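Colleague: final11.txt (compact mmCIF, C-alpha atoms and all ligand atoms) pasted underneath:
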```
# COMPACT_ATOMS: atom_id res chain seq x y z
CA MET A 1 -4.26 -1.34 -130.26
CA ALA A 2 -4.92 0.47 -133.50
CA TYR A 3 -2.89 -1.81 -135.74
CA ALA A 4 -4.29 -0.30 -138.91
CA THR A 5 -2.95 3.15 -137.93
CA LEU A 6 0.48 1.75 -137.02
CA VAL A 7 0.66 -0.16 -140.28
CA LYS A 8 -0.22 2.93 -142.30
CA GLU A 9 2.41 5.02 -140.51
CA LEU A 10 5.11 2.37 -140.92
CA ARG A 11 4.39 2.10 -144.65
CA ARG A 12 4.69 5.87 -144.94
CA LEU A 13 7.97 5.91 -143.02
CA ALA A 14 9.37 3.09 -145.17
CA LYS A 15 8.81 5.19 -148.30
CA LEU A 16 10.96 7.93 -146.77
CA ASN A 17 13.77 5.73 -145.45
CA VAL A 18 14.43 2.73 -147.68
CA THR A 19 15.67 2.09 -151.21
CA ASP A 20 13.50 0.42 -153.86
CA GLU A 21 15.46 -2.78 -153.46
CA ARG A 22 14.88 -2.78 -149.70
CA ALA A 23 11.20 -2.01 -150.24
CA ALA A 24 11.00 -5.15 -152.42
CA HIS A 25 12.63 -7.18 -149.64
CA ILE A 26 10.17 -5.82 -147.07
CA ALA A 27 7.23 -6.55 -149.38
CA GLY A 28 8.61 -10.08 -149.95
CA SER A 29 8.98 -10.57 -146.19
CA GLU A 30 5.39 -9.43 -145.68
CA ASP A 31 4.10 -11.94 -148.24
CA TYR A 32 6.17 -14.76 -146.84
CA ALA A 33 5.28 -14.01 -143.21
CA TYR A 34 1.60 -13.77 -144.16
CA ARG A 35 1.70 -17.18 -145.84
CA LEU A 36 3.51 -18.77 -142.88
CA CYS A 37 1.02 -17.31 -140.38
CA ALA A 38 -1.96 -18.42 -142.46
CA LYS A 39 -0.57 -21.92 -142.89
CA HIS A 40 0.33 -22.36 -139.22
CA ARG A 41 -2.77 -20.51 -137.92
CA LEU A 42 -0.87 -17.73 -136.16
CA PRO A 43 -2.10 -14.11 -135.72
CA PHE A 44 -0.53 -11.98 -138.44
CA ASP A 45 -1.16 -8.42 -137.13
CA PRO A 46 1.75 -8.26 -134.64
CA VAL A 47 4.07 -9.95 -137.16
CA LEU A 48 3.15 -7.34 -139.77
CA ILE A 49 4.24 -4.54 -137.43
CA GLY A 50 7.58 -6.31 -137.01
CA VAL A 51 8.02 -6.93 -140.74
CA LEU A 52 7.30 -3.31 -141.66
CA ALA A 53 9.63 -1.93 -138.97
CA HIS A 54 12.56 -4.36 -139.09
CA ASP A 55 14.60 -2.77 -141.92
CA LEU A 56 13.28 0.76 -141.67
CA PHE A 57 16.80 2.10 -141.01
CA ARG A 58 18.82 -0.50 -142.93
CA ASP A 59 19.77 1.99 -145.64
CA TRP A 60 20.92 4.71 -143.27
CA PRO A 61 24.68 5.31 -143.24
CA VAL A 62 26.41 3.31 -140.54
CA GLU A 63 27.69 6.48 -138.86
CA ARG A 64 24.16 7.78 -138.45
CA LEU A 65 23.03 4.47 -136.94
CA ARG A 66 25.95 4.48 -134.55
CA SER A 67 25.36 8.04 -133.41
CA VAL A 68 21.63 7.44 -132.85
CA ALA A 69 22.53 4.39 -130.74
CA LYS A 70 24.94 6.48 -128.71
CA ARG A 71 22.45 9.31 -128.24
CA SER A 72 19.82 6.79 -127.15
CA GLY A 73 22.04 5.85 -124.23
CA MET A 74 23.31 2.50 -125.53
CA ASP A 75 26.57 1.33 -123.99
CA ALA A 76 29.45 0.74 -126.41
CA ASN A 77 29.08 -2.79 -127.73
CA PRO A 78 32.26 -4.47 -129.02
CA TYR A 79 30.30 -6.88 -131.22
CA LEU A 80 28.25 -4.19 -132.89
CA GLU A 81 31.31 -1.99 -133.31
CA ARG A 82 32.82 -4.76 -135.44
CA ALA A 83 29.65 -5.13 -137.50
CA PRO A 84 27.96 -1.72 -137.13
CA ILE A 85 25.30 -2.40 -139.76
CA LEU A 86 23.68 -4.57 -137.08
CA TYR A 87 22.70 -1.36 -135.30
CA HIS A 88 19.83 -1.09 -137.80
CA GLY A 89 17.75 -3.70 -135.94
CA ILE A 90 18.48 -2.19 -132.55
CA ILE A 91 17.58 1.32 -133.71
CA ALA A 92 14.35 -0.01 -135.22
CA GLY A 93 13.54 -1.72 -131.90
CA LEU A 94 14.22 1.47 -129.93
CA PHE A 95 12.14 3.42 -132.39
CA LEU A 96 9.15 1.09 -132.03
CA GLU A 97 9.40 1.12 -128.26
CA ARG A 98 9.55 4.90 -127.98
CA TRP A 99 7.41 5.90 -130.92
CA ARG A 100 4.17 4.30 -129.86
CA GLY A 101 3.29 3.82 -126.22
CA GLU A 102 0.94 0.95 -127.13
CA LEU A 103 3.85 -1.19 -128.26
CA ARG A 104 5.36 -1.14 -124.80
CA SER A 105 2.77 -3.74 -123.92
CA ARG A 106 3.94 -5.96 -126.77
CA PRO A 107 7.64 -6.46 -125.97
CA GLU A 108 7.77 -9.56 -128.16
CA ILE A 109 7.29 -7.37 -131.26
CA VAL A 110 10.14 -5.07 -130.20
CA GLU A 111 12.30 -8.13 -129.43
CA ALA A 112 11.59 -9.61 -132.88
CA VAL A 113 12.64 -6.38 -134.61
CA THR A 114 15.71 -5.71 -132.44
CA HIS A 115 17.21 -9.16 -133.03
CA HIS A 116 15.96 -10.02 -136.51
CA SER A 117 19.45 -10.41 -138.04
CA THR A 118 21.27 -12.16 -135.21
CA GLY A 119 18.58 -14.38 -133.73
CA TYR A 120 17.62 -14.43 -130.06
CA PRO A 121 15.94 -16.84 -127.64
CA PHE A 122 12.64 -15.35 -128.86
CA ARG A 123 9.81 -15.59 -126.37
CA SER A 124 7.12 -15.87 -129.03
CA TYR A 125 6.37 -17.01 -132.56
CA ILE A 126 6.62 -13.36 -133.74
CA GLY A 127 10.42 -13.30 -133.54
CA LYS A 128 10.69 -16.70 -135.20
CA ILE A 129 8.37 -15.86 -138.10
CA LEU A 130 10.14 -12.54 -138.76
CA PHE A 131 13.54 -14.28 -138.61
CA ILE A 132 12.39 -16.91 -141.11
CA ALA A 133 10.63 -14.47 -143.47
CA ASP A 134 13.64 -12.12 -143.48
CA SER A 135 15.88 -14.98 -144.65
CA LEU A 136 13.55 -16.92 -146.94
CA GLU A 137 11.35 -14.35 -148.71
CA GLU A 138 11.15 -14.64 -152.46
CA THR A 139 13.86 -12.13 -153.42
CA ARG A 140 16.42 -14.10 -151.36
CA ASP A 141 18.54 -16.34 -153.54
CA TYR A 142 21.38 -18.43 -152.12
CA PRO A 143 22.33 -22.12 -152.05
CA GLY A 144 19.98 -24.05 -149.80
CA VAL A 145 17.18 -21.46 -149.70
CA TRP A 146 14.70 -23.76 -151.48
CA GLU A 147 15.27 -26.59 -148.97
CA LEU A 148 14.90 -24.17 -146.05
CA ARG A 149 11.57 -22.96 -147.48
CA GLN A 150 10.36 -26.56 -147.68
CA ILE A 151 11.14 -27.12 -144.00
CA ALA A 152 9.59 -23.80 -142.87
CA ASP A 153 6.44 -24.42 -144.91
CA SER A 154 5.77 -27.73 -143.22
CA ASP A 155 6.87 -26.82 -139.66
CA TYR A 156 7.81 -23.27 -138.71
CA GLU A 157 9.59 -24.30 -135.48
CA LYS A 158 11.83 -26.66 -137.45
CA GLY A 159 12.18 -24.01 -140.13
CA TYR A 160 13.36 -21.50 -137.55
CA ILE A 161 16.05 -23.88 -136.26
CA ALA A 162 17.14 -24.73 -139.82
CA VAL A 163 17.47 -21.04 -140.78
CA LEU A 164 19.40 -20.35 -137.58
CA GLU A 165 21.72 -23.29 -138.25
CA HIS A 166 22.28 -22.15 -141.84
CA LYS A 167 23.07 -18.61 -140.67
CA ILE A 168 25.52 -19.78 -138.00
CA ALA A 169 27.28 -22.03 -140.55
CA TYR A 170 27.59 -18.99 -142.83
CA PHE A 171 29.00 -16.84 -139.98
CA LEU A 172 31.58 -19.55 -139.21
CA GLU A 173 32.55 -19.97 -142.84
CA LYS A 174 33.09 -16.20 -143.16
CA LYS A 175 34.98 -16.10 -139.84
CA TYR A 176 32.48 -13.60 -138.46
CA LEU A 177 32.04 -13.17 -134.72
CA LEU A 178 29.14 -15.01 -133.13
CA LEU A 179 27.07 -12.63 -131.03
CA PRO A 180 25.95 -13.80 -127.58
CA GLU A 181 22.35 -13.42 -128.81
CA THR A 182 23.01 -15.91 -131.61
CA VAL A 183 24.64 -18.44 -129.29
CA ALA A 184 21.77 -18.11 -126.82
CA ALA A 185 19.27 -18.53 -129.69
CA TRP A 186 20.98 -21.77 -130.69
CA ASN A 187 21.17 -23.10 -127.12
CA ALA A 188 17.49 -22.29 -126.57
CA ALA A 189 16.52 -23.87 -129.90
CA VAL A 190 18.31 -27.18 -129.32
CA THR A 191 17.37 -27.56 -125.65
CA GLY A 192 13.86 -26.13 -125.79
CA GLU A 193 14.73 -24.26 -122.59
CA VAL A 194 14.66 -20.56 -121.78
CA TRP A 195 18.17 -19.29 -122.33
CA LYS A 196 19.38 -15.96 -121.02
CA VAL A 197 21.67 -13.75 -123.14
FE FE B 1 17.74 -6.30 -141.37
FE FE B 2 15.28 -7.72 -143.62
```
Rewrite the structure of this file - the entire thing - as structure tokens.
Modeller:
Amino acid sequence: MAYATLVKELRRLAKLNVTDERAAHIAGSEDYAYRLCAKHRLPFDPVLIGVLAHDLFRDWPVERLRSVAKRSGMDANPYLERAPILYHGIIAGLFLERWRGELRSRPEIVEAVTHHSTGYPFRSYIGKILFIADSLEETRDYPGVWELRQIADSDYEKGYIAVLEHKIAYFLEKKYLLLPETVAAWNAAVTGEVWKV
């Protein structure tokens, strides 16, 4: 797979679709994911594709995201309708899947992008590293972020569970709905078993 070409195209598309602030978050996620992969000896190329694609449509108006989802044949989803900004990950996943035929053979990259905000029983390290980097990159600043970085730096599997736990606690505190993907991610993380959504 010509990763270099994909990377170049995704960087070009980001310039057209995201705000400066979002571009800084994506650059921060790239740095953080790179450091995690280097430290834990994991291949970075597929993670980079995920990092560059994950928030490509995050700054689109919600109505546009919703109508693209509808036109792509997605069934109405009561969870997403209550938090329609979450469509941005799903649209990015659909985009990756349809845009480049080569990526059809790497479903774990598409999975990582699609579920980067909610979590998922990810089948590979790619989803976990993107999930961690999205939450812990340097421009993120919230109580507990430093401690989470410490955990992720020493053990990315533990870091993934800690970030997921922190996110779920935040959802509960805010009285947000828990998506089935998030619940399945938690069940998979604490049992170490494959958990279907
Ligand atoms: Fe996102
Ligand atoms: Fe993000």
Colleague: Neighbourhood query: residues within 10 Å of (19.7, -20.3, -139.9), file coordinates, counting all atoms listed in the file; return as a list in words.
Modeller: Thr118, Gly119, Phe131, Ile132, Ser135, Leu136, Leu148, Gly159, Tyr160, Ile161, Ala162, Val163, Leu164, Glu165, His166, Lys167, Ile168, Ala169, Tyr170, Phe171, Thr182 and Trp186 of chain A
Colleague: Kindly save the residues from that selection, with C-alpha atoms included, as a PDB file, in the frame of the given file.
Modeller:
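Contents of the output file selection-v4.pdb:
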```
ATOM      1  CA  THR A 118      21.270 -12.160-135.210  1.00  0.00           C
ATOM      2  CA  GLY A 119      18.580 -14.380-133.730  1.00  0.00           C
ATOM      3  CA  PHE A 131      13.540 -14.280-138.610  1.00  0.00           C
ATOM      4  CA  ILE A 132      12.390 -16.910-141.110  1.00  0.00           C
ATOM      5  CA  SER A 135      15.880 -14.980-144.650  1.00  0.00           C
ATOM      6  CA  LEU A 136      13.550 -16.920-146.940  1.00  0.00           C
ATOM      7  CA  LEU A 148      14.900 -24.170-146.050  1.00  0.00           C
ATOM      8  CA  GLY A 159      12.180 -24.010-140.130  1.00  0.00           C
ATOM      9  CA  TYR A 160      13.360 -21.500-137.550  1.00  0.00           C
ATOM     10  CA  ILE A 161      16.050 -23.880-136.260  1.00  0.00           C
ATOM     11  CA  ALA A 162      17.140 -24.730-139.820  1.00  0.00           C
ATOM     12  CA  VAL A 163      17.470 -21.040-140.780  1.00  0.00           C
ATOM     13  CA  LEU A 164      19.400 -20.350-137.580  1.00  0.00           C
ATOM     14  CA  GLU A 165      21.720 -23.290-138.250  1.00  0.00           C
ATOM     15  CA  HIS A 166      22.280 -22.150-141.840  1.00  0.00           C
ATOM     16  CA  LYS A 167      23.070 -18.610-140.670  1.00  0.00           C
ATOM     17  CA  ILE A 168      25.520 -19.780-138.000  1.00  0.00           C
ATOM     18  CA  ALA A 169      27.280 -22.030-140.550  1.00  0.00           C
ATOM     19  CA  TYR A 170      27.590 -18.990-142.830  1.00  0.00           C
ATOM     20  CA  PHE A 171      29.000 -16.840-139.980  1.00  0.00           C
ATOM     21  CA  THR A 182      23.010 -15.910-131.610  1.00  0.00           C
ATOM     22  CA  TRP A 186      20.980 -21.770-130.690  1.00  0.00           C
TER      23      TRP A 186
END
```
Colleague: Please give me, as a ChimeraX atom specification, the residues lying within 8 Å of ligand FE 2 (chain B) when counting all atoms listed in the file.
Modeller: /A:22,25-26,29,51,54-55,116-117,134-135
Colleague: Now that the selection is made, can you save its residues with C-alpha atoms as a compact mmCIF listing (two decimals), keeping the file's coordinate frame?
Modeller:
```
# COMPACT_ATOMS: atom_id res chain seq x y z
CA ARG A 22 14.88 -2.78 -149.70
CA HIS A 25 12.63 -7.18 -149.64
CA ILE A 26 10.17 -5.82 -147.07
CA SER A 29 8.98 -10.57 -146.19
CA VAL A 51 8.02 -6.93 -140.74
CA HIS A 54 12.56 -4.36 -139.09
CA ASP A 55 14.60 -2.77 -141.92
CA HIS A 116 15.96 -10.02 -136.51
CA SER A 117 19.45 -10.41 -138.04
CA ASP A 134 13.64 -12.12 -143.48
CA SER A 135 15.88 -14.98 -144.65
```
Colleague: Kindly give the distance, in Å, that separates atom CA of A:Asp31 and atom CA of A:Leu86, rounded to a single decimal.
Modeller: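 Straight-line distance from atom CA of A:Asp31 to atom CA of A:Leu86 works out to 23.7 Å.
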Colleague: Pick the closest to ligand FE 1 (chain B) from A:Ile151, A:Ala92, A:Ala83, A:Ala184: which is it, counting only C-alpha atoms and all ligand atoms?
Modeller: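 For ligand FE 1 (chain B), the nearest of the given residues is A:Ala92.
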Colleague: Could you tell me which of A:Trp99, A:Phe122, A:Trp195, A:Tyr87 comes closest to A:Val62 if we count only C-alpha atoms?
Modeller: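 Closest candidate: A:Tyr87.
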Colleague: Check the smallest atom-to-atom distance from each of A:Asp75, A:Glu108, A:Asp59, A:Glu9 to A:Pro46 using all atoms listed in the file, then report the winner.
Modeller: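 Under the stated criterion, the closest residue is A:Glu108.
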Colleague: Which residue is closest to A:Gly192? Choose from A:Leu36, A:Pro61, A:Val47, A:Lys158 and count all atoms listed in the file.
Modeller: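 Among the listed residues, A:Lys158 lies closest to A:Gly192.
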Colleague: Which residue out of A:Leu96, A:Leu130, A:Met74, A:Leu13 has the minimum interatomic distance to ligand FE 1 (chain B) when all atoms listed in the file are used?
Modeller: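 Of A:Leu96, A:Leu130, A:Met74, A:Leu13, the one nearest ligand FE 1 (chain B), counting all atoms listed in the file, is A:Leu130.
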Colleague: Of the residues A:Arg123, A:His88, A:Arg82, A:Lys8, which is the one nearest to ligand FE 1 (chain B), using all atoms listed in the file?
Modeller: A:His88
Colleague: Work out how far apart atom CA of A:Glu147 and atom CA of A:Thr19 are and give it in Å to one decimal.
Modeller: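 Spanning atom CA of A:Glu147 to atom CA of A:Thr19 is a straight-line distance of 28.8 Å.
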